[in-house]
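**Student:** This is the structure I have questions about; it appears just below.
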Amino acid sequence: MSYLINAKTGELVTYTSKKLKSGERVLVAFDRSKNALDANREYDLVNAIECKASNAKKWDKEDPMSYADACEINENEFYI
């Protein structure tokens, strides 16, 4: 499990069950849209924010039930 931290504010946005490298940059969004143009991508993120992955123990004290589990819809793109 990795935590996804807002790259601008440093606040915890969500977590993902996928193990990412600490510091890896990803996009996270609460909305998505169907992609009818590219057969390799079923969805695109809408109004995504840049986050960095963290595996630091300090985030373990956060209650994961307070955050939705983000699922990867494209490489390094997560939908909440």
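Just so we're on the same page: first chain in the structure tokens is A, next is B, and so on; residues restart at 1 for each chain, and ligands are numbered from 1 in the order they show up.
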Leaving out stretch 39-46 of chain A and any residue of its chain fewer than 4 positions from it, which residues lie within 9 Å of it when counting only C-alpha atoms, given as a list in words?
**Tutor:**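 My list of contacting residues is Leu27, Val28, Ala29, Phe30, Asp31, Arg32, Ser33, Lys34, Asn35, Ile73, Asn74, Glu77, Phe78 and Tyr79 of chain A.
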**Student:** Suppose we keep N, CA and C atoms; can you now write the selection as a PDB file, in the first residue's frame?
**Tutor:**
```
ATOM      1  N   LEU A  27      -0.913  11.041 -11.160  1.00  0.00           N
ATOM      2  CA  LEU A  27      -2.073  11.921 -11.240  1.00  0.00           C
ATOM      3  C   LEU A  27      -3.247  11.248 -10.548  1.00  0.00           C
ATOM      4  N   VAL A  28      -4.038  12.048  -9.836  1.00  0.00           N
ATOM      5  CA  VAL A  28      -5.193  11.535  -9.097  1.00  0.00           C
ATOM      6  C   VAL A  28      -6.390  12.431  -9.402  1.00  0.00           C
ATOM      7  N   ALA A  29      -7.557  11.813  -9.605  1.00  0.00           N
ATOM      8  CA  ALA A  29      -8.766  12.600  -9.864  1.00  0.00           C
ATOM      9  C   ALA A  29      -9.980  11.921  -9.261  1.00  0.00           C
ATOM     10  N   PHE A  30     -10.971  12.749  -8.964  1.00  0.00           N
ATOM     11  CA  PHE A  30     -12.234  12.265  -8.435  1.00  0.00           C
ATOM     12  C   PHE A  30     -13.256  12.062  -9.546  1.00  0.00           C
ATOM     13  N   ASP A  31     -12.889  12.423 -10.775  1.00  0.00           N
ATOM     14  CA  ASP A  31     -13.803  12.313 -11.911  1.00  0.00           C
ATOM     15  C   ASP A  31     -13.046  11.763 -13.109  1.00  0.00           C
ATOM     16  N   ARG A  32     -13.761  11.081 -13.973  1.00  0.00           N
ATOM     17  CA  ARG A  32     -13.160  10.523 -15.181  1.00  0.00           C
ATOM     18  C   ARG A  32     -14.183  10.599 -16.312  1.00  0.00           C
ATOM     19  N   SER A  33     -13.687  10.476 -17.534  1.00  0.00           N
ATOM     20  CA  SER A  33     -14.580  10.471 -18.692  1.00  0.00           C
ATOM     21  C   SER A  33     -14.154   9.355 -19.642  1.00  0.00           C
ATOM     22  N   LYS A  34     -15.106   8.864 -20.390  1.00  0.00           N
ATOM     23  CA  LYS A  34     -14.828   7.815 -21.375  1.00  0.00           C
ATOM     24  C   LYS A  34     -13.925   8.379 -22.459  1.00  0.00           C
ATOM     25  N   ASN A  35     -12.986   7.578 -22.919  1.00  0.00           N
ATOM     26  CA  ASN A  35     -12.113   7.967 -24.016  1.00  0.00           C
ATOM     27  C   ASN A  35     -12.531   7.181 -25.241  1.00  0.00           C
ATOM     28  N   ILE A  73      -6.222   3.496 -13.375  1.00  0.00           N
ATOM     29  CA  ILE A  73      -6.984   3.288 -14.606  1.00  0.00           C
ATOM     30  C   ILE A  73      -6.090   3.347 -15.845  1.00  0.00           C
ATOM     31  N   ASN A  74      -4.987   4.047 -15.747  1.00  0.00           N
ATOM     32  CA  ASN A  74      -3.943   4.085 -16.767  1.00  0.00           C
ATOM     33  C   ASN A  74      -2.623   4.141 -16.009  1.00  0.00           C
ATOM     34  N   GLU A  77      -1.966   6.881 -13.359  1.00  0.00           N
ATOM     35  CA  GLU A  77      -3.191   7.677 -13.256  1.00  0.00           C
ATOM     36  C   GLU A  77      -4.183   6.924 -12.380  1.00  0.00           C
ATOM     37  N   PHE A  78      -4.617   7.583 -11.313  1.00  0.00           N
ATOM     38  CA  PHE A  78      -5.473   6.933 -10.330  1.00  0.00           C
ATOM     39  C   PHE A  78      -6.810   7.650 -10.220  1.00  0.00           C
ATOM     40  N   TYR A  79      -7.865   6.847 -10.137  1.00  0.00           N
ATOM     41  CA  TYR A  79      -9.228   7.345  -9.992  1.00  0.00           C
ATOM     42  C   TYR A  79      -9.725   6.999  -8.601  1.00  0.00           C
TER      43      TYR A  79
END
```
**Student:** Tell me, which residues of chain A carry DSSP helix (DSSP H, G or I), written as an MDAnalysis selection string?
**Tutor:** chainID A and resid 57:61 64:66
**Student:** List the spatial neighbours of A:Ile5 as a list of chain:residue names - criterion: any atom at most 8 Å away, only C-alpha atoms, same-chain residues fewer than 5 positions off excluded.
**Tutor:** A:Gly10, A:Glu11, A:Leu12, A:Val13, A:Thr14, A:Cys51, A:Lys52, A:Ala53, A:Ser54
**Student:** Store the residues of this selection in a file with all heavy atoms, as a PDB file, in the first residue's frame.
**Tutor:**
```pdb
ATOM      1  N   GLY A  10       1.253  18.986   0.291  1.00  0.00           N
ATOM      2  CA  GLY A  10       1.804  18.001   1.213  1.00  0.00           C
ATOM      3  C   GLY A  10       0.753  17.274   2.034  1.00  0.00           C
ATOM      4  O   GLY A  10       1.077  16.554   2.970  1.00  0.00           O
ATOM      5  N   GLU A  11      -0.528  17.456   1.687  1.00  0.00           N
ATOM      6  CA  GLU A  11      -1.619  16.804   2.416  1.00  0.00           C
ATOM      7  C   GLU A  11      -1.925  15.431   1.823  1.00  0.00           C
ATOM      8  O   GLU A  11      -1.825  15.226   0.610  1.00  0.00           O
ATOM      9  CB  GLU A  11      -2.876  17.665   2.358  1.00  0.00           C
ATOM     10  CG  GLU A  11      -2.736  18.983   3.065  1.00  0.00           C
ATOM     11  CD  GLU A  11      -3.963  19.856   2.911  1.00  0.00           C
ATOM     12  OE1 GLU A  11      -4.798  19.586   2.031  1.00  0.00           O
ATOM     13  OE2 GLU A  11      -4.083  20.823   3.677  1.00  0.00           O
ATOM     14  N   LEU A  12      -2.337  14.528   2.681  1.00  0.00           N
ATOM     15  CA  LEU A  12      -2.743  13.198   2.247  1.00  0.00           C
ATOM     16  C   LEU A  12      -4.033  13.309   1.444  1.00  0.00           C
ATOM     17  O   LEU A  12      -5.015  13.896   1.905  1.00  0.00           O
ATOM     18  CB  LEU A  12      -2.952  12.290   3.461  1.00  0.00           C
ATOM     19  CG  LEU A  12      -3.434  10.873   3.191  1.00  0.00           C
ATOM     20  CD1 LEU A  12      -2.429  10.105   2.336  1.00  0.00           C
ATOM     21  CD2 LEU A  12      -3.689  10.140   4.491  1.00  0.00           C
ATOM     22  N   VAL A  13      -4.031  12.756   0.232  1.00  0.00           N
ATOM     23  CA  VAL A  13      -5.214  12.771  -0.618  1.00  0.00           C
ATOM     24  C   VAL A  13      -5.951  11.445  -0.512  1.00  0.00           C
ATOM     25  O   VAL A  13      -7.147  11.394  -0.279  1.00  0.00           O
ATOM     26  CB  VAL A  13      -4.846  13.049  -2.099  1.00  0.00           C
ATOM     27  CG1 VAL A  13      -6.060  12.953  -2.997  1.00  0.00           C
ATOM     28  CG2 VAL A  13      -4.177  14.406  -2.223  1.00  0.00           C
ATOM     29  N   THR A  14      -5.220  10.350  -0.660  1.00  0.00           N
ATOM     30  CA  THR A  14      -5.810   9.016  -0.620  1.00  0.00           C
ATOM     31  C   THR A  14      -4.694   7.981  -0.519  1.00  0.00           C
ATOM     32  O   THR A  14      -3.533   8.334  -0.349  1.00  0.00           O
ATOM     33  CB  THR A  14      -6.682   8.773  -1.878  1.00  0.00           C
ATOM     34  OG1 THR A  14      -7.408   7.561  -1.738  1.00  0.00           O
ATOM     35  CG2 THR A  14      -5.849   8.729  -3.144  1.00  0.00           C
ATOM     36  N   CYS A  51       0.237  14.195  -7.563  1.00  0.00           N
ATOM     37  CA  CYS A  51       0.572  13.678  -6.236  1.00  0.00           C
ATOM     38  C   CYS A  51       1.887  12.932  -6.301  1.00  0.00           C
ATOM     39  O   CYS A  51       2.342  12.537  -7.371  1.00  0.00           O
ATOM     40  CB  CYS A  51      -0.514  12.724  -5.742  1.00  0.00           C
ATOM     41  SG  CYS A  51      -2.080  13.512  -5.376  1.00  0.00           S
ATOM     42  N   LYS A  52       2.480  12.761  -5.142  1.00  0.00           N
ATOM     43  CA  LYS A  52       3.668  11.917  -5.055  1.00  0.00           C
ATOM     44  C   LYS A  52       3.360  10.768  -4.108  1.00  0.00           C
ATOM     45  O   LYS A  52       2.607  10.921  -3.140  1.00  0.00           O
ATOM     46  CB  LYS A  52       4.890  12.700  -4.615  1.00  0.00           C
ATOM     47  CG  LYS A  52       4.770  13.343  -3.272  1.00  0.00           C
ATOM     48  CD  LYS A  52       6.016  14.139  -2.954  1.00  0.00           C
ATOM     49  CE  LYS A  52       5.860  14.796  -1.610  1.00  0.00           C
ATOM     50  NZ  LYS A  52       7.040  15.520  -1.208  1.00  0.00           N
ATOM     51  N   ALA A  53       3.918   9.640  -4.413  1.00  0.00           N
ATOM     52  CA  ALA A  53       3.705   8.446  -3.602  1.00  0.00           C
ATOM     53  C   ALA A  53       4.604   8.497  -2.373  1.00  0.00           C
ATOM     54  O   ALA A  53       5.724   9.005  -2.426  1.00  0.00           O
ATOM     55  CB  ALA A  53       4.011   7.198  -4.418  1.00  0.00           C
ATOM     56  N   SER A  54       4.071   7.989  -1.276  1.00  0.00           N
ATOM     57  CA  SER A  54       4.846   7.923  -0.039  1.00  0.00           C
ATOM     58  C   SER A  54       4.584   6.579   0.638  1.00  0.00           C
ATOM     59  O   SER A  54       3.452   6.113   0.689  1.00  0.00           O
ATOM     60  CB  SER A  54       4.460   9.046   0.908  1.00  0.00           C
ATOM     61  OG  SER A  54       5.143   8.911   2.141  1.00  0.00           O
TER      62      SER A  54
END
```
**Student:** Just the number, please: distance in Å from atom CA of A:Asp38 to atom CA of A:Ser2, one decimal.
**Tutor:**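 If I compute the distance from atom CA of A:Asp38 to atom CA of A:Ser2, I get 28.8 Å.
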**Student:** Taking the chain letters and numbering used in this document, name the residues of chain A that DSSP puts in strand (DSSP E), as a PyMOL selection string.
**Tutor:** chain A and resi 2-6+12-16+25-29+31-34+43-46+49-54+71-74+77-79
**Student:** Tell me, as a ChimeraX atom specification, which residues lie within 9 Å of A:Ala56, counting only C-alpha atoms; anything in the same chain fewer than 3 positions away does not count.
**Tutor:** /A:2-3,22,59-60
**Student:** Just how far from atom CA of A:Ala36 is atom CA of A:Ala68, in Å to one decimal?
**Tutor:**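 Rounded to one decimal, the two atoms are 26.9 Å apart.
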